[in-house]
Structure formats: structure tokens, C-alpha cells
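Student: Provided herewith is a single structure, encoded as C-alpha cells, for subsequent inquiry.
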Amino acid sequence: MSTTFKKYLTSKFNFSLVTLIAGLGLVAGLLYLYWPVLTRLIVSLAESEDYSYGLLIPLISGYIVYRKWPQIRAQAGQPSWIGLAVMALGISLYILGELAAELYTTRFSFVIVLSGLVLLVGGWRFLRLLAFPLILLVLMLPLPELITYKLTLPLQLISSRLATWFLQISGVPVFQQGNIIDLGYKQLQVVHACSGLRYILPILALGIIFCYFYQRRLWKVVVLLASLVPLAIVANALRVAAMGLYPALIEGFWHGFSGWLIFIFCLEIIALFNWLLNYLWPSPPSALAVLGTFVKNPQAYPQLNLNLYLLGGLALVLLAIPLTQRAAIAPPVALKQSFAHFPMQLGSWQGHHTYVDPAELKATKSHAHLSADFINPDHGQVNLWIAYYETQKKAGGFVHSPKGCLTASGWRLLKSGIYEITPELPVNYLLVEKMGTKLIVFYWYMQRGRWLTSEYLNKFYMAYDGFLHRRTDGALIRLSTIAHPDLKAGEERLASFAQLLAPELHKFIPD
């Protein structure tokens, strides 16, 4: 180590071998603690068409830190024990995310822990300086599936309506039904990938970064960012409409290239809009001058001892490692008996096992499943699907709502709510339509003796039972039938079958 570097460290902090070891140990401990989360996140971003832009976010954050480095060196750090509390909060979120099999929470907790670490070693001054690059890291995290599912369907319908309108004003005869655009000689289906969400999120991230470098007036930033969401939706709808006019855009090179054009188009629009705002309402010279300056602290650097702060952070991380490992591994709980023994005769309903596509079954990542059709000569047919998980994990192996799967596969949601078979047996109710066929769906969750309809309570109790009892097993039960001869008949058909089914479930699914 050079003499100059030693003098710098000594002038800033009471540097010692203990400080070096504690600092390196703290960094190594954090990397070890979050290694499974970070590696899985990188792989997920690399494989995702919707979130691959997230791989660039850390590089941009790093560049901003590099630009701020002179300011960081000019500031006197004031370590704060509050940083240890923030780190503890982040680690608590990590443990909660592990217990609830929630990827987003475990990933978001890493940003909280990093913020706590900055506060611990540098205090509020350093945290203020590094706030934006830390917040920027949140933009690289894929949204939770619960949020994605709720956003996708409305965006699909909006994109379908706008694309239909663009085609109609272009003189093309077209008919829209849900997310299906009928051109007569062919049909376009605005599926999950074409909902526009994959453009809204990266364009918002791009807009935030653009505003950081080129716009600091808060009201102008709000206006620019608010304009990006409708801009991205309209641009996506134009792309869908173009696919109706030019089939070459539907797949292959031109499909991907047209997607990139959306980003270029939106970037040019926001740059033009930003110039227009600055032209009509120019910023005061004093405000512009602040952007390129910073105030140095002329006072002598205080003699601070980081050892206790770093050792405190290291102790917290070392304590967290076994806790998170315990939360991440819940022992599997098998079915009371195999679904192979499930009765195929329920009252006057006669059932038979049905074929399940191995690719679809693999996607569910369930440990056991049952797919069967039950027929009653007087009532019609009901399909029963049960997916059971011996232990639920973050990387896809967990119970989730059928609503997202149905909408992603082209079904249009007409109605949803809660249907009470009896006061003690409520179920989620869906009415969906596809190509003129209406399907009624009942579904609910059975989690360790609980009958649940809420996805949020399902997650809560999974974390609760995982922490207290180390159990995260659970099942999804779904019933579906065609709305024939009418809607009321279909609902009564499912309700009568569900009443016969309920007692049998407890013979197989653990309490």
C-alpha cells in the first residue's frame, strides 16, 4: 500500500488492519448471503424478453457513482448506527420473501441492505449522494407476478382497441372481440407479450435516466414521465396495427426490429418534449448552475473509527446467513395418499383421468397433480384440476392464480368475483370467453388446513406457517365448465360438484 493512500485513509478515518478485515468480511458476507438471489436474478434477466434491459441498470448506476466520486471524496463521512437498523430491515424482508416464495421481495431487500450499508459507513450525506443510483437499481427488478397479471389484461384490451382504431382509420375493415383482432382473412391475437408492458417498464426506466441527466425541475420531470406511459401504449398499438397491414412484422427479424423502433421513437419524442418544455419555461440560471457544481467541505476530516460500525454490520450479516438458509428450505410434506387413489365416482358424477401436456405440467412445477373430467348425464361435464406442492419455492414452484394463465393463453375475462357455494365454502369465480366459447371457472387454495380465496392471504399464511412451523405446502383446486345451456346452469353445475368434492379433498391434502 502506497504512503499517499495510507495518508488519505488516515485523514478520512482511523484506518487499521481491523478496519480492512471487517470491511472485506462484510462485503464477502453480503455476497455470500445474496449469492443465490443475485445469480438467479442475472439468469432471469438474461433469459427474459421483457426485462433484459435490467442488465444495463447496474452499469448506469456505476457510471453515476463514478461521476459523483469527487463529491463523495469531498464529503466527510459520518457513520450512523441507523444504517444497521436499515440493514436489519432489508434482511428481514429477505427472510419474509423466502418464507412467502416471493422473488421480488428478496431482490428488493438487497437494495435496502445496500442503502443501509451506505448509511452505516458514510451517514446521511453519503446516502443523499448515492440515493439515485440506489433507487435506479429497483428498476432492474422484474415486477411480482401478482402485479403483472393485474396489469397485463387491461393493457391487452387497450392495445387491441387502439390497434383496431388505427386499422379502421387506415381504411381496413376490421372487427375486435376482446384481445382478438379479426381482419376477415386472418386474426391477430394481442397476447401477453404484446400487451405493451414490456415497453412501458424499460421506457419508464429510460425516461427516469434521461430526466436525471437532462432535466432537474421536478414539475417538468413529472410531466415527462407521465407522458411516457400513454406514449408507450400508443406506440405498441401502432406496432400491432402494422402487423395487420404487413404480415412480415408478425415474426422473425422484422418483428424484433419493429420492437426496437418503439424505443427509438419514444426516446426521440421525450427529447423533443423536454426541449419544448425548456423552451417555453426556461430554468433560472441559478438552477442550471447547481447541476454542475458541488460544495466541498472545507473543514478538516474528523477522525472517525469505522471498526465498531463495520464489525456491527458483519455480526448482523453472519447472524442472517443461517436464518435465511433455514427460511429457504422447508421440509417437503407429501400428500396423505396419492392422487392415483382419488375416487372417479362422486355421487352421480363419473370421472376419468385426462391427458396433460408435459410442457404445461413442467411449467407448473407441481409435485403432484390430478386432471380429470367428470360427467353427469343430468348436468353435463366438469373438469377438475388439482396442483399440489410439497414445498413452495420462489423460482416458479408455487401456487398461483389461474387468472394469469387463462388471460395469457387468449381467454378474455368477462367477469370475476367471489361465489359462495355455501357460507363456509367461498370460491373465486371467473367467466372467460374465447372465440365465442364461454367458460366458467371456480378456483381456491388449500393451505395447511385453510380454505382460501385471496392470493394475498395465501402468501401471508405461507410466510406465517413457514416461519412458525417450517411448512409451505399447499394446493390449487380449479373447476371449469362450459356456460351451457346458459350461465346459471353452468354455475349450478360447478356448485353442486364442488359440494361433493370438498370432503374428498381433505382425505388427500394435508391439514
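Just so we're on the same page: first chain in the C-alpha cells is A, next is B, and so on; residues restart at 1 for each chain, and ligands are numbered from 1 in the order they show up.
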List as a PyMOL selection string the protein and nucleic acid residues near A:Ala475, meaning an atom at most 6 Å away when only C-alpha atoms are counted, but skip any in the same chain fewer than 3 places from it.
Tutor: chain A and resi 387-388+445-446
Student: The selected residues should be written to file as a PDB file, in the first residue's frame (atoms: C-alpha atoms).
Tutor:
```
ATOM      1  CA  ALA A 387     -51.873 -28.968  -8.400  1.00  0.00           C
ATOM      2  CA  TYR A 388     -50.169 -29.884  -5.119  1.00  0.00           C
ATOM      3  CA  TYR A 445     -56.424 -22.607  -2.401  1.00  0.00           C
ATOM      4  CA  MET A 446     -55.984 -25.187   0.329  1.00  0.00           C
TER       5      MET A 446
END
```
Student: Using only C-alpha atoms, which of A:Ser416, A:Ser258, A:Thr422, A:Gln78 sits nearest A:Leu119?
Tutor: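 Of A:Ser416, A:Ser258, A:Thr422, A:Gln78, the one nearest A:Leu119 is A:Gln78, counting only C-alpha atoms.
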Student: Kindly provide the residues of stretch 378-477 of chain A that approach stretch 358-373 of chain A to within 6 Å, each paired with its closest atom pair and their distance in Å to one decimal, based on only C-alpha atoms, listed by chain and increasing number, as a Markdown table.
Tutor:
```
| residue | atom | partner | partner_atom | distance |
| --- | --- | --- | --- | --- |
| A:Val382 | CA | A:Asp373 | CA | 5.8 |
| A:Asn383 | CA | A:Asp373 | CA | 4.5 |
| A:Leu384 | CA | A:Ala372 | CA | 5.3 |
| A:Trp385 | CA | A:Ser371 | CA | 4.6 |
| A:Ile386 | CA | A:Leu370 | CA | 5.0 |
| A:Ala387 | CA | A:His369 | CA | 4.6 |
| A:Tyr388 | CA | A:Ala368 | CA | 5.1 |
| A:Tyr389 | CA | A:His367 | CA | 5.2 |
| A:Gly397 | CA | A:Lys365 | CA | 4.9 |
```
Student: Just checking: using only C-alpha atoms, which residue out of A:Leu346, A:Leu225, A:Cys405, A:Leu204 ends up closest to A:Thr148?
Tutor: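 Counting only C-alpha atoms, the residue closest to A:Thr148 is A:Cys405.
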Student: Quick one: everything within 8 Å of stretch 34-44 of chain A, counting only C-alpha atoms, minus sequence neighbours fewer than 6 positions away in the same chain. Send it as a VMD selection string.
Tutor: chain A and resid 55 106 to 107 110 141
Student: When you count only C-alpha atoms, which of these residues is closest to A:Leu84: A:Val317, A:Leu267, A:Leu20, A:Leu134?
Tutor: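 The shortest atom-to-atom distance to A:Leu84 comes from A:Val317.
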Student: Give me, please, the distance in Å between atom CA of A:Leu479 and atom CA of A:Ile421, quoted to one decimal.
Tutor: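 So the answer is 12.6 Å.
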Student: With distances taken over only C-alpha atoms, which residue among A:Arg198, A:His469, A:Arg216, A:Lys403 lies nearest A:Gly259?
Tutor: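 Of A:Arg198, A:His469, A:Arg216, A:Lys403, the one nearest A:Gly259 is A:Arg198, counting only C-alpha atoms.
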Student: Report the residues of stretch 422-465 of chain A whose backbone DSSP state falls under helix (DSSP H, G or I), written as a CSV table (one decimal) with N, CA and C atoms, in the first residue's frame.
Tutor:
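As a result, selection08.csv now contains:
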```
chain,number,residue,atom,x,y,z
A,455,GLU,N,-55.3,-14.4,-2.9
A,455,GLU,CA,-53.9,-14.7,-3.2
A,455,GLU,C,-53.0,-14.0,-2.2
A,456,TYR,N,-53.4,-12.9,-1.6
A,456,TYR,CA,-52.6,-12.2,-0.7
A,456,TYR,C,-52.5,-12.9,0.7
A,457,LEU,N,-53.7,-13.4,1.1
A,457,LEU,CA,-53.7,-14.2,2.3
A,457,LEU,C,-53.0,-15.5,2.1
A,458,ASN,N,-53.0,-16.1,1.0
A,458,ASN,CA,-52.3,-17.3,0.6
A,458,ASN,C,-50.8,-17.0,0.9
A,459,LYS,N,-50.3,-15.9,0.4
A,459,LYS,CA,-48.9,-15.6,0.6
A,459,LYS,C,-48.6,-15.3,2.1
A,460,PHE,N,-49.5,-14.6,2.7
A,460,PHE,CA,-49.3,-14.3,4.1
A,460,PHE,C,-49.2,-15.5,5.0
A,461,TYR,N,-50.1,-16.4,4.8
A,461,TYR,CA,-50.1,-17.6,5.6
A,461,TYR,C,-48.9,-18.6,5.3
A,462,MET,N,-48.5,-18.5,4.0
A,462,MET,CA,-47.3,-19.3,3.7
A,462,MET,C,-46.1,-18.8,4.4
A,463,ALA,N,-45.9,-17.5,4.5
A,463,ALA,CA,-44.8,-16.9,5.3
A,463,ALA,C,-45.0,-17.2,6.8
A,464,TYR,N,-46.2,-17.1,7.3
A,464,TYR,CA,-46.5,-17.3,8.7
A,464,TYR,C,-46.2,-18.7,9.1
A,465,ASP,N,-46.7,-19.7,8.3
A,465,ASP,CA,-46.5,-21.1,8.6
A,465,ASP,C,-45.1,-21.5,8.4
```
Student: Against stretch 29-33 of chain A, which residues of stretch 321-425 of chain A fall within 9 Å? For each one I want the closest pair of atoms and the distance in Å (one decimal), counting only C-alpha atoms, rows by chain and increasing residue number, as a tab-separated table.
Tutor:
```
residue	atom	partner	partner_atom	distance
A:Ile321	CA	A:Leu33	CA	5.8
A:Thr324	CA	A:Leu33	CA	8.0
A:Gln325	CA	A:Leu33	CA	8.8
```
Student: Considering only C-alpha atoms, return as a list in words whatever protein or nucleic-acid residues lie within 8 Å of A:Lys415, sequence-local ones (same chain, fewer than 6 positions apart) excluded.
Tutor: Tyr429, Leu430, Leu431 and Val432 of chain A
Student: Excluding same-chain residues fewer than 3 positions from A:Gln337, what lies within 12 Å of it counting only C-alpha atoms, as a list in words?
Tutor: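 That gives Val333, Ala334, Ala340, His341, Phe342, Pro343, Ala368, Tyr388, Glu504, Leu505, His506, Lys507, Phe508, Ile509 and Pro510 of chain A.
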Student: Interatomic distance between atom CA of A:Trp260 and atom CA of A:Arg412?
Tutor: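 Separation of atom CA of A:Trp260 and atom CA of A:Arg412: 28.2 Å.
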